[in-house]
Structure formats: C-alpha cells, structure tokens
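With mmCIF, C-alpha atoms and all ligand atoms; chains and numbers go by the auth columns inside, this is coords_21.cif:
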data_entry
loop_
_atom_site.group_PDB
_atom_site.id
_atom_site.type_symbol
_atom_site.label_atom_id
_atom_site.label_comp_id
_atom_site.label_asym_id
_atom_site.label_seq_id
_atom_site.Cartn_x
_atom_site.Cartn_y
_atom_site.Cartn_z
_atom_site.B_iso_or_equiv
_atom_site.auth_seq_id
_atom_site.auth_asym_id
ATOM 1 C CA MET A 1 13.659 7.172 9.407 0.00 22 A
ATOM 2 C CA THR A 2 11.988 9.087 12.229 0.00 23 A
ATOM 3 C CA GLU A 3 11.800 7.894 15.804 0.00 24 A
ATOM 4 C CA GLU A 4 8.026 7.702 15.565 0.00 25 A
ATOM 5 C CA HIS A 5 8.101 5.519 12.445 0.00 26 A
ATOM 6 C CA LEU A 6 10.778 3.298 13.942 0.00 27 A
ATOM 7 C CA GLN A 7 8.652 2.720 17.039 0.00 28 A
ATOM 8 C CA LYS A 8 5.609 1.895 14.926 0.00 29 A
ATOM 9 C CA ALA A 9 7.688 -0.453 12.726 0.00 30 A
ATOM 10 C CA GLU A 10 9.000 -2.274 15.796 0.00 31 A
ATOM 11 C CA GLN A 11 5.472 -2.584 17.119 0.00 32 A
ATOM 12 C CA LEU A 12 4.214 -4.101 13.837 0.00 33 A
ATOM 13 C CA LEU A 13 6.976 -6.723 13.905 0.00 34 A
ATOM 14 C CA GLU A 14 6.388 -7.481 17.595 0.00 35 A
ATOM 15 C CA GLN A 15 2.676 -8.045 16.979 0.00 36 A
ATOM 16 C CA SER A 16 3.548 -10.711 14.407 0.00 37 A
ATOM 17 C CA ARG A 17 6.345 -12.112 16.572 0.00 38 A
ATOM 18 C CA LEU A 18 8.942 -11.331 13.934 0.00 39 A
ATOM 19 C CA ARG A 19 12.525 -10.454 14.715 0.00 40 A
ATOM 20 C CA LYS A 20 13.353 -6.776 14.345 0.00 41 A
ATOM 21 C CA THR A 21 15.965 -6.975 11.609 0.00 42 A
ATOM 22 C CA ARG A 22 17.374 -3.934 9.867 0.00 43 A
ATOM 23 C CA PRO A 23 15.837 -4.635 6.413 0.00 44 A
ATOM 24 C CA ARG A 24 12.395 -5.187 7.923 0.00 45 A
ATOM 25 C CA LEU A 25 12.568 -1.974 9.921 0.00 46 A
ATOM 26 C CA GLU A 26 13.921 -0.009 6.957 0.00 47 A
ATOM 27 C CA ILE A 27 11.143 -1.190 4.642 0.00 48 A
ATOM 28 C CA LEU A 28 8.394 -0.562 7.187 0.00 49 A
ATOM 29 C CA CYS A 29 9.701 2.942 7.840 0.00 50 A
ATOM 30 C CA VAL A 30 9.689 3.696 4.109 0.00 51 A
ATOM 31 C CA LEU A 31 6.080 2.495 3.874 0.00 52 A
ATOM 32 C CA LEU A 32 5.088 4.448 6.988 0.00 53 A
ATOM 33 C CA ALA A 33 6.514 7.625 5.467 0.00 54 A
ATOM 34 C CA ALA A 34 4.891 7.056 2.065 0.00 55 A
ATOM 35 C CA ASP A 35 1.545 8.679 1.249 0.00 56 A
ATOM 36 C CA SER A 36 0.658 6.148 -1.447 0.00 57 A
ATOM 37 C CA PRO A 37 1.563 2.552 -2.310 0.00 58 A
ATOM 38 C CA LEU A 38 5.079 1.936 -3.634 0.00 59 A
ATOM 39 C CA THR A 39 6.695 -0.597 -5.932 0.00 60 A
ATOM 40 C CA GLY A 40 9.542 -2.783 -4.682 0.00 61 A
ATOM 41 C CA GLU A 41 11.860 -0.647 -6.770 0.00 62 A
ATOM 42 C CA GLN A 42 10.644 2.581 -5.169 0.00 63 A
ATOM 43 C CA ILE A 43 11.005 1.088 -1.718 0.00 64 A
ATOM 44 C CA PHE A 44 14.549 0.054 -2.542 0.00 65 A
ATOM 45 C CA ASP A 45 15.365 3.573 -3.787 0.00 66 A
ATOM 46 C CA ARG A 46 14.050 5.182 -0.615 0.00 67 A
ATOM 47 C CA ILE A 47 16.085 3.083 1.784 0.00 68 A
ATOM 48 C CA THR A 48 18.918 5.268 2.970 0.00 69 A
ATOM 49 C CA PRO A 49 21.705 4.499 2.975 0.00 70 A
ATOM 50 C CA ALA A 50 21.344 1.655 0.490 0.00 71 A
ATOM 51 C CA SER A 51 22.427 -0.835 3.084 0.00 72 A
ATOM 52 C CA VAL A 52 19.918 -3.446 1.949 0.00 73 A
ATOM 53 C CA ASP A 53 20.200 -5.120 -1.460 0.00 74 A
ATOM 54 C CA LYS A 54 17.302 -5.478 -3.855 0.00 75 A
ATOM 55 C CA ALA A 55 16.870 -9.228 -3.418 0.00 76 A
ATOM 56 C CA THR A 56 16.534 -8.700 0.331 0.00 77 A
ATOM 57 C CA VAL A 57 13.925 -6.005 -0.218 0.00 78 A
ATOM 58 C CA TYR A 58 11.761 -8.370 -2.299 0.00 79 A
ATOM 59 C CA ARG A 59 12.310 -11.316 0.032 0.00 80 A
ATOM 60 C CA THR A 60 11.395 -9.174 3.029 0.00 81 A
ATOM 61 C CA LEU A 61 8.273 -7.855 1.283 0.00 82 A
ATOM 62 C CA LEU A 62 7.123 -11.434 0.699 0.00 83 A
ATOM 63 C CA LEU A 63 7.621 -12.221 4.367 0.00 84 A
ATOM 64 C CA LEU A 64 5.708 -9.097 5.417 0.00 85 A
ATOM 65 C CA LEU A 65 2.920 -10.026 2.973 0.00 86 A
ATOM 66 C CA ARG A 66 2.655 -13.505 4.470 0.00 87 A
ATOM 67 C CA HIS A 67 2.264 -11.995 7.905 0.00 88 A
ATOM 68 C CA ASP A 68 -0.370 -9.529 6.689 0.00 89 A
ATOM 69 C CA ILE A 69 1.714 -6.539 7.712 0.00 90 A
ATOM 70 C CA VAL A 70 1.953 -5.427 4.098 0.00 91 A
ATOM 71 C CA HIS A 71 -0.634 -5.759 1.320 0.00 92 A
ATOM 72 C CA HIS A 72 -0.543 -5.697 -2.439 0.00 93 A
ATOM 73 C CA ALA A 73 -2.383 -2.471 -3.030 0.00 94 A
ATOM 74 C CA TYR A 74 -2.853 -2.875 -6.782 0.00 95 A
ATOM 75 C CA LEU A 75 -1.122 -3.723 -10.012 0.00 96 A
ATOM 76 C CA ARG A 76 -0.175 -0.999 -12.424 0.00 97 A
ATOM 77 C CA ASN A 77 1.681 -1.728 -15.661 0.00 98 A
ATOM 78 C CA ARG A 78 1.958 -5.251 -14.301 0.00 99 A
ATOM 79 C CA ILE A 79 3.981 -3.958 -11.362 0.00 100 A
ATOM 80 C CA ARG A 80 2.836 -4.721 -7.864 0.00 101 A
ATOM 81 C CA HIS A 81 2.450 -1.835 -5.457 0.00 102 A
ATOM 82 C CA PHE A 82 2.809 -2.429 -1.754 0.00 103 A
ATOM 83 C CA GLU A 83 1.481 -0.643 1.291 0.00 104 A
ATOM 84 C CA LEU A 84 1.042 -1.241 4.976 0.00 105 A
ATOM 85 C CA ALA A 85 -2.050 -3.193 5.875 0.00 106 A
ATOM 86 C CA HIS A 86 -2.827 -1.252 9.042 0.00 107 A
ATOM 87 C CA HIS A 87 -5.477 0.900 7.323 0.00 108 A
ATOM 88 C CA CYS A 88 -7.302 -2.187 5.999 0.00 109 A
ATOM 89 C CA LYS A 89 -9.984 -4.365 7.543 0.00 110 A
ATOM 90 C CA PRO A 90 -9.438 -8.134 7.646 0.00 111 A
ATOM 91 C CA ASP A 91 -11.931 -8.738 4.832 0.00 112 A
ATOM 92 C CA HIS A 92 -11.431 -5.630 2.748 0.00 113 A
ATOM 93 C CA CYS A 93 -8.841 -3.017 1.903 0.00 114 A
ATOM 94 C CA HIS A 94 -9.558 0.684 1.518 0.00 115 A
ATOM 95 C CA PRO A 95 -10.250 1.725 -2.090 0.00 116 A
ATOM 96 C CA HIS A 96 -7.590 3.191 -4.362 0.00 117 A
ATOM 97 C CA PHE A 97 -8.289 5.972 -6.809 0.00 118 A
ATOM 98 C CA THR A 98 -6.143 6.387 -9.903 0.00 119 A
ATOM 99 C CA CYS A 99 -6.291 9.653 -11.823 0.00 120 A
ATOM 100 C CA ARG A 100 -6.418 9.213 -15.607 0.00 121 A
ATOM 101 C CA ASP A 101 -4.756 12.575 -16.156 0.00 122 A
ATOM 102 C CA CYS A 102 -1.795 12.654 -13.797 0.00 123 A
ATOM 103 C CA GLY A 103 -1.602 8.921 -13.129 0.00 124 A
ATOM 104 C CA ARG A 104 -1.359 9.364 -9.378 0.00 125 A
ATOM 105 C CA THR A 105 -2.997 6.748 -7.191 0.00 126 A
ATOM 106 C CA VAL A 106 -4.247 7.751 -3.764 0.00 127 A
ATOM 107 C CA CYS A 107 -5.541 5.782 -0.794 0.00 128 A
ATOM 108 C CA LEU A 108 -9.125 6.626 0.082 0.00 129 A
ATOM 109 C CA TYR A 109 -9.236 5.692 3.749 0.00 130 A
ATOM 110 C CA GLN A 110 -12.623 7.318 4.371 0.00 131 A
ATOM 111 C CA ALA A 111 -14.484 6.056 1.308 0.00 132 A
ATOM 112 C CA VAL A 112 -16.898 3.207 1.930 0.00 133 A
ATOM 113 C CA VAL A 113 -17.525 0.589 -0.736 0.00 134 A
ATOM 114 C CA PRO A 114 -20.686 -1.442 -0.146 0.00 135 A
ATOM 115 C CA ALA A 115 -20.566 -5.231 -0.208 0.00 136 A
ATOM 116 C CA VAL A 116 -21.199 -6.991 -3.516 0.00 137 A
ATOM 117 C CA GLN A 117 -24.890 -7.428 -4.288 0.00 138 A
ATOM 118 C CA ASN A 118 -26.522 -10.333 -6.123 0.00 139 A
ATOM 119 C CA LEU A 119 -23.544 -12.633 -5.827 0.00 140 A
ATOM 120 C CA PRO A 120 -24.397 -15.993 -7.463 0.00 141 A
ATOM 121 C CA ALA A 121 -25.138 -18.794 -5.022 0.00 142 A
ATOM 122 C CA GLY A 122 -22.200 -20.779 -3.726 0.00 143 A
ATOM 123 C CA TYR A 123 -19.581 -18.023 -3.836 0.00 144 A
ATOM 124 C CA LEU A 124 -17.932 -16.996 -0.614 0.00 145 A
ATOM 125 C CA VAL A 125 -16.063 -13.677 -0.661 0.00 146 A
ATOM 126 C CA LEU A 126 -13.050 -13.618 1.637 0.00 147 A
ATOM 127 C CA HIS A 127 -11.483 -10.360 0.634 0.00 148 A
ATOM 128 C CA ARG A 128 -12.463 -7.232 -1.265 0.00 149 A
ATOM 129 C CA GLN A 129 -10.237 -4.736 -2.983 0.00 150 A
ATOM 130 C CA THR A 130 -11.524 -1.812 -4.997 0.00 151 A
ATOM 131 C CA ARG A 131 -9.782 0.259 -7.632 0.00 152 A
ATOM 132 C CA LEU A 132 -11.444 3.394 -8.852 0.00 153 A
ATOM 133 C CA GLU A 133 -10.473 5.406 -11.911 0.00 154 A
ATOM 134 C CA GLY A 134 -11.298 8.992 -12.704 0.00 155 A
ATOM 135 C CA ILE A 135 -9.990 12.531 -12.446 0.00 156 A
ATOM 136 C CA CYS A 136 -8.437 13.769 -9.213 0.00 157 A
ATOM 137 C CA PRO A 137 -9.352 17.170 -7.684 0.00 158 A
ATOM 138 C CA ASN A 138 -6.034 18.712 -8.818 0.00 159 A
ATOM 139 C CA CYS A 139 -6.539 17.759 -12.446 0.00 160 A
ATOM 140 C CA ARG A 140 -10.182 18.812 -12.370 0.00 161 A
ATOM 141 C CA THR A 141 -9.262 22.322 -11.222 0.00 162 A
ATOM 142 C CA GLU A 142 -6.550 22.604 -13.866 0.00 163 A
ATOM 143 C CA GLY A 143 -8.937 21.429 -16.565 0.00 164 A
ATOM 144 C CA PHE A 144 -11.501 24.039 -15.590 0.00 165 A
ATOM 145 C CA GLY A 145 -8.817 26.732 -15.786 0.00 166 A
ATOM 146 C CA ASP A 146 -7.974 25.857 -19.399 0.00 167 A
ATOM 147 C CA GLU A 147 -11.498 26.044 -20.681 0.00 168 A
HETATM 148 ZN ZN ZN B . -4.747 13.916 -11.435 0.00 201 B
HETATM 149 ZN ZN ZN B . -3.843 2.355 0.075 0.00 202 B
#
Starting from the file, give its structure as structure tokens.
Amino acid sequence: MTEEHLQKAEQLLEQSRLRKTRPRLEILCVLLAADSPLTGEQIFDRITPASVDKATVYRTLLLLLRHDIVHHAYLRNRIRHFELAHHCKPDHCHPHFTCRDCGRTVCLYQAVVPAVQNLPAGYLVLHRQTRLEGICPNCRTEGFGDE
C-alpha cells in the first residue's frame, strides 16, 4: 500500500461519503495497484497482511459496486472480475481485450467503441460494456518467431 494509493483510496471513499474503514482502503489500494481486473479471490490474496477475512472482502466489494466506485469488468469462467470505475464513463466502460493464447485480459483505456447502430425501436441503452477477443501483441510476436 503506497502513500499515493492510500490518498487516492481515501479520496474515492470521501467522494461517495463512505467511512474510511480498513477493509475498504485495503481493497481500493489493491485495485489501484493492479494493472488488470481481479477476482475477489485475487483481491483477498493481495491484501497484506491478511487482516481482512474473505467474507468481508466480498461484502465490501458489493458496497463499492453499489456506490459505483468499483465495476464488474467481465465474467471469465463464471467468475466476476472487479476493477475501479474511475477509468469508465457513466454510460460505458472501457473495452477489455482477452488474448486467446495467453488468456490475459487487458484494459484498453484509449480504444473507442462506437455506439450501437440500428437498435430496434423502444430500447434504451443505459450502459455499454465491450469485451474483445483476439491475440495480444506479445503472443503475436512469439507466433511469428516460431514460423
Ligand atoms: Zn497473449
Ligand atoms: Zn478495465
């Protein structure tokens, strides 16, 4: 937990008028330090020392979800992955790219996904989330080396 992450975590809780409890700060710091979305299990494993039990981690994640501080990034193997919502817009999240070779999922903060075209009449979209699948640059370079 770095000083910078702790300050940012406190700020996120203050903005939502939430009390700055230890589990909340711990979880936010783990997510701030992560470079891709994490499962509840992974978040639990990264909290050092393991001063927060697993049930508290999940309960706290639900609270943070309700306050829009944390988002469900995507489901993989039926497991929810969480990330901070501060890179997302109110009506859409940044896209996620999953590599079919190495299985890594990365956040594409810069990529722009256009709005849905030709939506049937009567549907109102409130939120967009995009998951892309393909081959990441690392795996592409390796593949070219083999051939
Ligand atoms: Zn890959
Ligand atoms: Zn993301």
Which protein, DNA or RNA residues have an atom within 7 Å of ligand ZN 201 (chain B), counting all atoms listed in the file, as a PDB file with C-alpha atoms, in the coordinates of the input?
ATOM      1  CA  CYS A 120      -6.291   9.653 -11.823  1.00  0.00           C
ATOM      2  CA  ARG A 121      -6.418   9.213 -15.607  1.00  0.00           C
ATOM      3  CA  ASP A 122      -4.756  12.575 -16.156  1.00  0.00           C
ATOM      4  CA  CYS A 123      -1.795  12.654 -13.797  1.00  0.00           C
ATOM      5  CA  GLY A 124      -1.602   8.921 -13.129  1.00  0.00           C
ATOM      6  CA  ARG A 125      -1.359   9.364  -9.378  1.00  0.00           C
ATOM      7  CA  ILE A 156      -9.990  12.531 -12.446  1.00  0.00           C
ATOM      8  CA  CYS A 157      -8.437  13.769  -9.213  1.00  0.00           C
ATOM      9  CA  PRO A 158      -9.352  17.170  -7.684  1.00  0.00           C
ATOM     10  CA  ASN A 159      -6.034  18.712  -8.818  1.00  0.00           C
ATOM     11  CA  CYS A 160      -6.539  17.759 -12.446  1.00  0.00           C
TER      12      CYS A 160
END
- Item | Result set, the PyMOL selection byres (((chain A and resi 33) around 12) and not hetatm) on current file, as a PyMOL selection string | chain A and resi 26-32+34-41+45-46+48-50+53+85+88-91+105-107
Write the selection just made, keeping C-alpha atoms, as a compact mmCIF listing (two decimals), in the frame of the given file?
# COMPACT_ATOMS: atom_id res chain seq x y z
CA HIS A 26 8.10 5.52 12.44
CA LEU A 27 10.78 3.30 13.94
CA GLN A 28 8.65 2.72 17.04
CA LYS A 29 5.61 1.90 14.93
CA ALA A 30 7.69 -0.45 12.73
CA GLU A 31 9.00 -2.27 15.80
CA GLN A 32 5.47 -2.58 17.12
CA LEU A 34 6.98 -6.72 13.90
CA GLU A 35 6.39 -7.48 17.60
CA GLN A 36 2.68 -8.04 16.98
CA SER A 37 3.55 -10.71 14.41
CA ARG A 38 6.34 -12.11 16.57
CA LEU A 39 8.94 -11.33 13.93
CA ARG A 40 12.52 -10.45 14.72
CA LYS A 41 13.35 -6.78 14.34
CA ARG A 45 12.40 -5.19 7.92
CA LEU A 46 12.57 -1.97 9.92
CA ILE A 48 11.14 -1.19 4.64
CA LEU A 49 8.39 -0.56 7.19
CA CYS A 50 9.70 2.94 7.84
CA LEU A 53 5.09 4.45 6.99
CA LEU A 85 5.71 -9.10 5.42
CA HIS A 88 2.26 -12.00 7.90
CA ASP A 89 -0.37 -9.53 6.69
CA ILE A 90 1.71 -6.54 7.71
CA VAL A 91 1.95 -5.43 4.10
CA LEU A 105 1.04 -1.24 4.98
CA ALA A 106 -2.05 -3.19 5.88
CA HIS A 107 -2.83 -1.25 9.04
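Pairwise distance (atom CA of Cys109 of chain A, atom CA of His92 of chain A) equals 8.9 Å.
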- What residues come out when you apply the PyMOL selection byres (((chain A and resi 111-118) around 10) and not hetatm) to this file, written as JSON, numbers by chain? {"A": [57, 58, 89, 92, 93, 94, 95, 106, 107, 108, 109, 110, 119, 120, 121, 124, 125, 126, 127, 128, 129, 130, 131, 132, 133, 134, 136, 146, 147, 148, 149, 150, 151, 152, 153, 154, 155, 156, 157]}
- Query: Hey, what's within 9 Å of Gly61 of chain A if we count only C-alpha atoms and toss same-chain stuff fewer than 5 positions away? As a PyMOL selection string, please?
  - Reply: chain A and resi 66+75+78-79+82+100-103
- Query: Counting all atoms listed in the file, which of A:Ala55, A:Pro135, A:Glu62, A:Met22 gets nearest to ligand ZN 202 (chain B)?
  - Reply: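 Ranking A:Ala55, A:Pro135, A:Glu62, A:Met22 by distance to ligand ZN 202 (chain B), first place goes to A:Ala55.
In terms of minimum interatomic distance to ligand ZN 202 (chain B), A:Leu59 ranks closest within A:Leu86, A:Ile64, A:Ala54, A:Leu59, counting only C-alpha atoms and all ligand atoms.
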- Query: Looking at all atoms listed in the file, which of A:Leu52, A:Ala76, A:Ile68, A:Leu84 is the one that sits closest to ligand ZN 202 (chain B)?
  - Reply: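 For ligand ZN 202 (chain B), the nearest of the given residues is A:Leu52.
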- Item | Distance of atom CA of Arg87 of chain A from atom CA of Arg99 of chain A, expressed in Å to one decimal place |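 Calculated distance between atom CA of Arg99 of chain A and atom CA of Arg87 of chain A is 20.5 Å.
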- Which one of A:Arg97, A:Asp56, A:Arg80, A:Arg67 sits closest to ligand ZN 202 (chain B) if you count all atoms listed in the file?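 Smallest separation from ligand ZN 202 (chain B) among the options: A:Asp56.
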- Item | Nearest-residue call for ligand ZN 202 (chain B), choices A:Thr162, A:Glu104, A:Asn139, A:Pro44, using only C-alpha atoms and all ligand atoms | A:Glu104
- Query: So what do you get for atom CA of Glu47 of chain A versus atom ZN of ligand ZN 202 (chain B), distance-wise?
  - Reply: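 Distance reported for this atom pair: 19.2 Å.
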